[in-house]
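Heads up, protein-v3.pdb below (PDB, C-alpha atoms and all ligand atoms):
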```pdb
ATOM      1  CA  MET A   1      81.176  65.899 122.065  1.00  0.00           C
ATOM      2  CA  MET A   2      80.785  69.062 120.041  1.00  0.00           C
ATOM      3  CA  ARG A   3      80.929  71.049 123.218  1.00  0.00           C
ATOM      4  CA  GLY A   4      84.132  69.265 124.193  1.00  0.00           C
ATOM      5  CA  ILE A   5      85.756  70.007 120.842  1.00  0.00           C
ATOM      6  CA  ALA A   6      84.717  73.651 121.021  1.00  0.00           C
ATOM      7  CA  GLY A   7      86.161  73.838 124.509  1.00  0.00           C
ATOM      8  CA  ALA A   8      89.445  72.329 123.364  1.00  0.00           C
ATOM      9  CA  CYS A   9      89.630  74.818 120.497  1.00  0.00           C
ATOM     10  CA  ALA A  10      88.991  77.718 122.825  1.00  0.00           C
ATOM     11  CA  LEU A  11      91.710  76.414 125.144  1.00  0.00           C
ATOM     12  CA  GLY A  12      94.100  76.130 122.197  1.00  0.00           C
ATOM     13  CA  LEU A  13      93.452  79.718 121.183  1.00  0.00           C
ATOM     14  CA  TRP A  14      93.958  80.884 124.739  1.00  0.00           C
ATOM     15  CA  THR A  15      97.272  79.023 124.950  1.00  0.00           C
ATOM     16  CA  ALA A  16      98.421  80.704 121.734  1.00  0.00           C
ATOM     17  CA  ALA A  17      97.326  84.098 123.014  1.00  0.00           C
ATOM     18  CA  ALA A  18      99.237  83.534 126.247  1.00  0.00           C
ATOM     19  CA  GLN A  19     102.589  82.830 124.634  1.00  0.00           C
ATOM     20  CA  ALA A  20     105.276  84.709 126.512  1.00  0.00           C
ATOM     21  CA  GLY A  21     108.681  86.042 125.628  1.00  0.00           C
ATOM     22  CA  PRO A  22     110.149  87.600 122.504  1.00  0.00           C
ATOM     23  CA  VAL A  23     108.752  86.467 119.170  1.00  0.00           C
ATOM     24  CA  SER A  24     109.680  87.039 115.560  1.00  0.00           C
ATOM     25  CA  ILE A  25     106.784  87.673 113.194  1.00  0.00           C
ATOM     26  CA  GLY A  26     107.831  86.204 109.832  1.00  0.00           C
ATOM     27  CA  PHE A  27     104.619  86.317 107.752  1.00  0.00           C
ATOM     28  CA  GLU A  28     105.054  82.648 106.820  1.00  0.00           C
ATOM     29  CA  GLY A  29     102.089  80.427 106.045  1.00  0.00           C
ATOM     30  CA  PRO A  30      99.890  82.340 103.602  1.00  0.00           C
ATOM     31  CA  PRO A  31     100.684  81.689  99.937  1.00  0.00           C
ATOM     32  CA  GLU A  32     102.279  84.262  97.690  1.00  0.00           C
ATOM     33  CA  GLY A  33      99.868  86.936  96.520  1.00  0.00           C
ATOM     34  CA  ALA A  34      97.424  89.222  98.291  1.00  0.00           C
ATOM     35  CA  ALA A  35      97.921  88.910 102.045  1.00  0.00           C
ATOM     36  CA  PRO A  36      94.937  87.587 104.002  1.00  0.00           C
ATOM     37  CA  ALA A  37      92.908  90.334 105.677  1.00  0.00           C
ATOM     38  CA  GLU A  38      93.698  88.608 108.955  1.00  0.00           C
ATOM     39  CA  MET A  39      96.185  85.988 110.059  1.00  0.00           C
ATOM     40  CA  ALA A  40      97.759  84.830 113.307  1.00  0.00           C
ATOM     41  CA  GLU A  41     101.313  84.164 114.371  1.00  0.00           C
ATOM     42  CA  ASP A  42     102.963  83.531 117.730  1.00  0.00           C
ATOM     43  CA  GLY A  43      99.876  84.589 119.651  1.00  0.00           C
ATOM     44  CA  TYR A  44      99.453  87.867 117.784  1.00  0.00           C
ATOM     45  CA  ARG A  45      96.720  88.894 115.341  1.00  0.00           C
ATOM     46  CA  ILE A  46      97.923  90.394 112.086  1.00  0.00           C
ATOM     47  CA  VAL A  47      95.416  92.493 110.171  1.00  0.00           C
ATOM     48  CA  THR A  48      96.411  93.719 106.735  1.00  0.00           C
ATOM     49  CA  ARG A  49      95.186  96.211 104.170  1.00  0.00           C
ATOM     50  CA  ASP A  50      96.587  96.454 100.627  1.00  0.00           C
ATOM     51  CA  ALA A  51      99.428  94.090 101.510  1.00  0.00           C
ATOM     52  CA  MET A  52     101.122  91.350  99.526  1.00  0.00           C
ATOM     53  CA  ILE A  53     103.013  88.233 100.529  1.00  0.00           C
ATOM     54  CA  SER A  54     106.104  87.775  98.371  1.00  0.00           C
ATOM     55  CA  GLY A  55     107.758  84.367  98.368  1.00  0.00           C
ATOM     56  CA  PRO A  56     110.992  83.090  96.878  1.00  0.00           C
ATOM     57  CA  GLY A  57     109.241  82.702  93.491  1.00  0.00           C
ATOM     58  CA  LYS A  58     109.206  86.495  93.338  1.00  0.00           C
ATOM     59  CA  SER A  59     111.458  88.785  95.331  1.00  0.00           C
ATOM     60  CA  GLY A  60     111.097  86.893  98.608  1.00  0.00           C
ATOM     61  CA  ASP A  61     114.391  86.560 100.438  1.00  0.00           C
ATOM     62  CA  GLY A  62     113.077  87.097 103.960  1.00  0.00           C
ATOM     63  CA  THR A  63     115.092  86.958 107.146  1.00  0.00           C
ATOM     64  CA  ASP A  64     112.535  84.911 109.118  1.00  0.00           C
ATOM     65  CA  GLY A  65     111.585  82.314 106.534  1.00  0.00           C
ATOM     66  CA  PRO A  66     111.663  83.108 102.815  1.00  0.00           C
ATOM     67  CA  ASN A  67     108.400  85.056 102.638  1.00  0.00           C
ATOM     68  CA  GLU A  68     108.193  88.776 103.231  1.00  0.00           C
ATOM     69  CA  ILE A  69     105.330  91.237 103.314  1.00  0.00           C
ATOM     70  CA  GLU A  70     105.012  94.338 101.189  1.00  0.00           C
ATOM     71  CA  GLY A  71     102.509  97.036 100.438  1.00  0.00           C
ATOM     72  CA  ALA A  72     100.489  96.500  97.273  1.00  0.00           C
ATOM     73  CA  MET A  73     102.082  98.556  94.508  1.00  0.00           C
ATOM     74  CA  GLY A  74     100.688 102.073  94.550  1.00  0.00           C
ATOM     75  CA  GLY A  75      98.297 101.242  97.406  1.00  0.00           C
ATOM     76  CA  ARG A  76      98.231 102.405 100.994  1.00  0.00           C
ATOM     77  CA  GLY A  77      99.512  99.198 102.528  1.00  0.00           C
ATOM     78  CA  ALA A  78      99.170  98.702 106.264  1.00  0.00           C
ATOM     79  CA  VAL A  79      99.990  95.800 108.563  1.00  0.00           C
ATOM     80  CA  ALA A  80      98.543  95.943 112.079  1.00  0.00           C
ATOM     81  CA  ILE A  81      99.881  93.559 114.735  1.00  0.00           C
ATOM     82  CA  LEU A  82      97.721  93.303 117.845  1.00  0.00           C
ATOM     83  CA  ARG A  83      97.502  91.421 121.106  1.00  0.00           C
ATOM     84  CA  GLY A  84      95.142  91.634 124.061  1.00  0.00           C
ATOM     85  CA  VAL A  85      98.120  91.641 126.425  1.00  0.00           C
ATOM     86  CA  PRO A  86     100.340  94.731 125.969  1.00  0.00           C
ATOM     87  CA  PHE A  87     103.746  94.280 124.380  1.00  0.00           C
ATOM     88  CA  GLY A  88     106.746  96.166 123.098  1.00  0.00           C
ATOM     89  CA  PHE A  89     108.235  96.684 119.645  1.00  0.00           C
ATOM     90  CA  VAL A  90     111.913  95.715 119.443  1.00  0.00           C
ATOM     91  CA  SER A  91     112.965  95.826 115.785  1.00  0.00           C
ATOM     92  CA  LEU A  92     112.027  95.059 112.182  1.00  0.00           C
ATOM     93  CA  ASP A  93     113.900  94.068 109.048  1.00  0.00           C
ATOM     94  CA  TRP A  94     113.327  96.258 106.008  1.00  0.00           C
ATOM     95  CA  GLN A  95     114.953  96.320 102.593  1.00  0.00           C
ATOM     96  CA  ALA A  96     114.792  98.473  99.483  1.00  0.00           C
ATOM     97  CA  GLU A  97     113.764  96.882  96.210  1.00  0.00           C
ATOM     98  CA  GLY A  98     113.698 100.256  94.465  1.00  0.00           C
ATOM     99  CA  GLY A  99     114.427 103.817  95.523  1.00  0.00           C
ATOM    100  CA  ALA A 100     114.760 104.605  99.224  1.00  0.00           C
ATOM    101  CA  PRO A 101     111.473 103.414 100.718  1.00  0.00           C
ATOM    102  CA  GLN A 102     110.339 104.139 104.235  1.00  0.00           C
ATOM    103  CA  VAL A 103     108.331 102.102 106.669  1.00  0.00           C
ATOM    104  CA  VAL A 104     106.460 103.973 109.370  1.00  0.00           C
ATOM    105  CA  ALA A 105     105.768 102.153 112.653  1.00  0.00           C
ATOM    106  CA  GLU A 106     103.054 103.528 114.922  1.00  0.00           C
ATOM    107  CA  GLY A 107     102.498 102.075 118.378  1.00  0.00           C
ATOM    108  CA  TYR A 108      99.156 102.512 120.105  1.00  0.00           C
ATOM    109  CA  LEU A 109      97.880 101.689 123.571  1.00  0.00           C
ATOM    110  CA  GLY A 110      94.116 101.610 123.354  1.00  0.00           C
ATOM    111  CA  PRO A 111      93.103 104.656 121.311  1.00  0.00           C
ATOM    112  CA  ASP A 112      96.256 106.609 122.040  1.00  0.00           C
ATOM    113  CA  LEU A 113      99.262 106.932 119.759  1.00  0.00           C
ATOM    114  CA  VAL A 114     102.252 106.192 122.004  1.00  0.00           C
ATOM    115  CA  ALA A 115     105.064 106.940 119.547  1.00  0.00           C
ATOM    116  CA  ARG A 116     106.008 106.712 115.898  1.00  0.00           C
ATOM    117  CA  ASP A 117     109.212 105.536 114.237  1.00  0.00           C
ATOM    118  CA  ARG A 118     110.241 105.920 110.612  1.00  0.00           C
ATOM    119  CA  PHE A 119     112.932 103.807 108.952  1.00  0.00           C
ATOM    120  CA  VAL A 120     114.421 104.299 105.485  1.00  0.00           C
ATOM    121  CA  ALA A 121     116.160 101.520 103.543  1.00  0.00           C
ATOM    122  CA  ARG A 122     118.699 102.588 100.969  1.00  0.00           C
ATOM    123  CA  GLY A 123     119.666  99.379  99.209  1.00  0.00           C
ATOM    124  CA  PRO A 124     118.982  95.715  98.635  1.00  0.00           C
ATOM    125  CA  GLY A 125     119.461  93.300 101.487  1.00  0.00           C
ATOM    126  CA  PHE A 126     117.515  93.421 104.713  1.00  0.00           C
ATOM    127  CA  VAL A 127     118.674  95.786 107.429  1.00  0.00           C
ATOM    128  CA  THR A 128     117.535  95.410 111.034  1.00  0.00           C
ATOM    129  CA  PHE A 129     116.161  98.680 112.378  1.00  0.00           C
ATOM    130  CA  ALA A 130     115.799  98.866 116.150  1.00  0.00           C
ATOM    131  CA  ALA A 131     112.898 100.735 117.721  1.00  0.00           C
ATOM    132  CA  GLY A 132     113.709 104.383 118.362  1.00  0.00           C
ATOM    133  CA  ALA A 133     110.897 106.463 119.853  1.00  0.00           C
ATOM    134  CA  LEU A 134     108.983 103.229 120.474  1.00  0.00           C
ATOM    135  CA  ALA A 135     111.809 101.529 122.369  1.00  0.00           C
ATOM    136  CA  GLY A 136     110.686 100.412 125.799  1.00  0.00           C
ATOM    137  CA  ARG A 137     107.161 101.749 125.313  1.00  0.00           C
ATOM    138  CA  VAL A 138     104.063  99.732 126.203  1.00  0.00           C
ATOM    139  CA  ILE A 139     101.658  99.214 123.295  1.00  0.00           C
ATOM    140  CA  ASP A 140      98.897  96.804 122.350  1.00  0.00           C
ATOM    141  CA  ARG A 141      98.838  97.556 118.609  1.00  0.00           C
ATOM    142  CA  LEU A 142     101.659  98.157 116.171  1.00  0.00           C
ATOM    143  CA  ILE A 143     100.728  99.476 112.743  1.00  0.00           C
ATOM    144  CA  LEU A 144     103.325  99.313 109.986  1.00  0.00           C
ATOM    145  CA  TYR A 145     103.017 101.297 106.758  1.00  0.00           C
ATOM    146  CA  PRO A 146     105.490  99.805 104.240  1.00  0.00           C
ATOM    147  CA  GLN A 147     106.014 102.110 101.280  1.00  0.00           C
ATOM    148  CA  ARG A 148     105.670 100.631  97.806  1.00  0.00           C
ATOM    149  CA  ASP A 149     105.136 103.108  95.015  1.00  0.00           C
ATOM    150  CA  ARG A 150     107.148 104.596  92.174  1.00  0.00           C
ATOM    151  CA  ARG A 151     109.300 106.581  94.610  1.00  0.00           C
ATOM    152  CA  GLY A 152     110.308 103.646  96.760  1.00  0.00           C
ATOM    153  CA  MET A 153     109.583  99.955  97.077  1.00  0.00           C
ATOM    154  CA  GLY A 154     110.390  98.038 100.233  1.00  0.00           C
ATOM    155  CA  ALA A 155     109.853  94.638 101.799  1.00  0.00           C
ATOM    156  CA  LEU A 156     109.372  93.818 105.462  1.00  0.00           C
ATOM    157  CA  ASP A 157     110.112  90.747 107.562  1.00  0.00           C
ATOM    158  CA  ARG A 158     111.191  89.598 111.029  1.00  0.00           C
ATOM    159  CA  VAL A 159     109.257  91.969 113.256  1.00  0.00           C
ATOM    160  CA  ILE A 160     110.548  91.339 116.780  1.00  0.00           C
ATOM    161  CA  LEU A 161     108.100  91.909 119.622  1.00  0.00           C
ATOM    162  CA  ASP A 162     108.453  91.237 123.313  1.00  0.00           C
ATOM    163  CA  ASP A 163     106.349  91.305 126.423  1.00  0.00           C
ATOM    164  CA  ALA A 164     106.052  94.693 128.050  1.00  0.00           C
ATOM    165  CA  PRO A 165     107.466  94.922 131.582  1.00  0.00           C
ATOM    166  CA  GLY A 166     104.745  94.050 134.053  1.00  0.00           C
ATOM    167  CA  HIS A 167     102.477  92.732 131.294  1.00  0.00           C
ATOM    168  CA  ALA A 168     103.775  89.199 130.714  1.00  0.00           C
ATOM    169  CA  PRO A 169     100.932  86.898 129.710  1.00  0.00           C
ATOM    170  CA  ALA A 170      99.905  84.333 132.281  1.00  0.00           C
ATOM    171  CA  SER A 171     101.343  80.931 131.458  1.00  0.00           C
TER     172      SER A 171
HETATM  173 CA    CA B   1     109.347  85.774 106.508  1.00  0.00          CA
END
```
What does this structure look like when you write it as structure tokens?
Ligand SMILES: [Ca+2]
Amino acid sequence: MMRGIAGACALGLWTAAAQAGPVSIGFEGPPEGAAPAEMAEDGYRIVTRDAMISGPGKSGDGTDGPNEIEGAMGGRGAVAILRGVPFGFVSLDWQAEGGAPQVVAEGYLGPDLVARDRFVARGPGFVTFAAGALAGRVIDRLILYPQRDRRGMGALDRVILDDAPGHAPAS
């Protein structure tokens, strides 16, 4: 019985990991406050460092559900999104809550940096920034560095990812 349950769980995880097609990462689920060190959404792993979930009780006005993710104030916030099957970065939504903050997006394939994009928000209200240097590139890890310090405070939501050509997960 235990073996059967474990097998079903493993199958469930595999099904999640094999989800195909474009997805929108919305950072919904965890409560407001310090972001979990690791979470999962739409078949992707999300690993965070010095990141905060902000809900509608605070500044949360996200574009994929009300929650958004931010760097911890004055920290070196990072949000890594990973999948075993390579994928592509399409766009992200980023807004300024103070100053003109930047979010840096680095795409890696294995140990190699494939390309880096940098987006600057200049006012309140989320703006969708489409991938630039990373457009059409094949990656298996996207690392986002959302600025939040006294020079600029930003919030991030609705990270759109898609399967990389020739790398669609088996269904
Ligand atoms: Ca959200």
Please determine, counting all atoms listed in the file, which residue among A:Gln147, A:Ser24, A:Thr48, A:Thr128 has the shortest atom-to-atom distance to ligand CA 1 (chain B).
A:Ser24
At most 10 Å is the cut-off: for each residue in chain A with any atom that close to an atom of ligand CA 1 (chain B), write down the nearest atom pair and the distance in Å rounded to one decimal, counting all atoms listed in the file, chain first then increasing number, as CSV.
```
residue,atom,partner,partner_atom,distance
A:Ser24,CA,B:CA1,CA,9.1
A:Ile25,CA,B:CA1,CA,7.4
A:Gly26,CA,B:CA1,CA,3.7
A:Phe27,CA,B:CA1,CA,4.9
A:Glu28,CA,B:CA1,CA,5.3
A:Gly29,CA,B:CA1,CA,9.0
A:Ile53,CA,B:CA1,CA,9.1
A:Ser54,CA,B:CA1,CA,9.0
A:Gly55,CA,B:CA1,CA,8.4
A:Gly60,CA,B:CA1,CA,8.2
A:Asp61,CA,B:CA1,CA,7.9
A:Gly62,CA,B:CA1,CA,4.7
A:Thr63,CA,B:CA1,CA,5.9
A:Asp64,CA,B:CA1,CA,4.2
A:Gly65,CA,B:CA1,CA,4.1
A:Pro66,CA,B:CA1,CA,5.1
A:Asn67,CA,B:CA1,CA,4.0
A:Glu68,CA,B:CA1,CA,4.6
A:Ile69,CA,B:CA1,CA,7.5
A:Asp93,CA,B:CA1,CA,9.8
A:Leu156,CA,B:CA1,CA,8.1
A:Asp157,CA,B:CA1,CA,5.1
A:Arg158,CA,B:CA1,CA,6.2
A:Val159,CA,B:CA1,CA,9.2
```
Identify all residues satisfying the PyMOL selection byres (((chain A and resi 136-142) around 12) and not hetatm) in the given file; provide them as JSON, numbers by chain.
{"A": [44, 45, 46, 47, 48, 78, 79, 80, 81, 82, 83, 84, 85, 86, 87, 88, 89, 90, 91, 92, 104, 105, 106, 107, 108, 109, 110, 111, 112, 113, 114, 115, 116, 117, 130, 131, 132, 133, 134, 135, 143, 144, 145, 159, 160, 161, 162, 163, 164, 165, 166, 167, 168]}
d(CA of Pro101 (chain A), CA of Val127 (chain A)) in Å:
12.5 Å
If I take CA of Pro31 (chain A) and CA of Arg49 (chain A), how far is one from the other in Å, to one decimal?
16.1 Å
Between CA of Gly21 (chain A) and CA of Gln95 (chain A) - distance in Å to one decimal
26.0 Å
Selection result for the PyMOL selection byres (((chain A and resi 96) around 7) and not hetatm) on this file, as a PyMOL selection string
chain A and resi 95+97-101+121-124+153-155
Fewer than 4 positions away in the same chain doesn't count, so skip those; otherwise give me all residues within 8 Å of Ala34 (chain A), counting only C-alpha atoms, as an MDAnalysis selection string.
chainID A and resid 50:53 72
The centre and edge lengths of an axis-aligned box containing all atoms of region 152-165 of chain A present in the file, extended by 3 Å on each side, are to be given in Å to one decimal, as JSON.
```
{"center_x": 108.6, "center_y": 96.6, "center_z": 114.2, "size_x": 11.1, "size_y": 20.0, "size_z": 40.8}
```
Find, counting only C-alpha atoms, the residue in A:Gly152, A:Glu38, A:Gly77, A:Gly43 that gets nearest to Pro169 (chain A).
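The shortest atom-to-atom distance to Pro169 (chain A) comes from A:Gly43.
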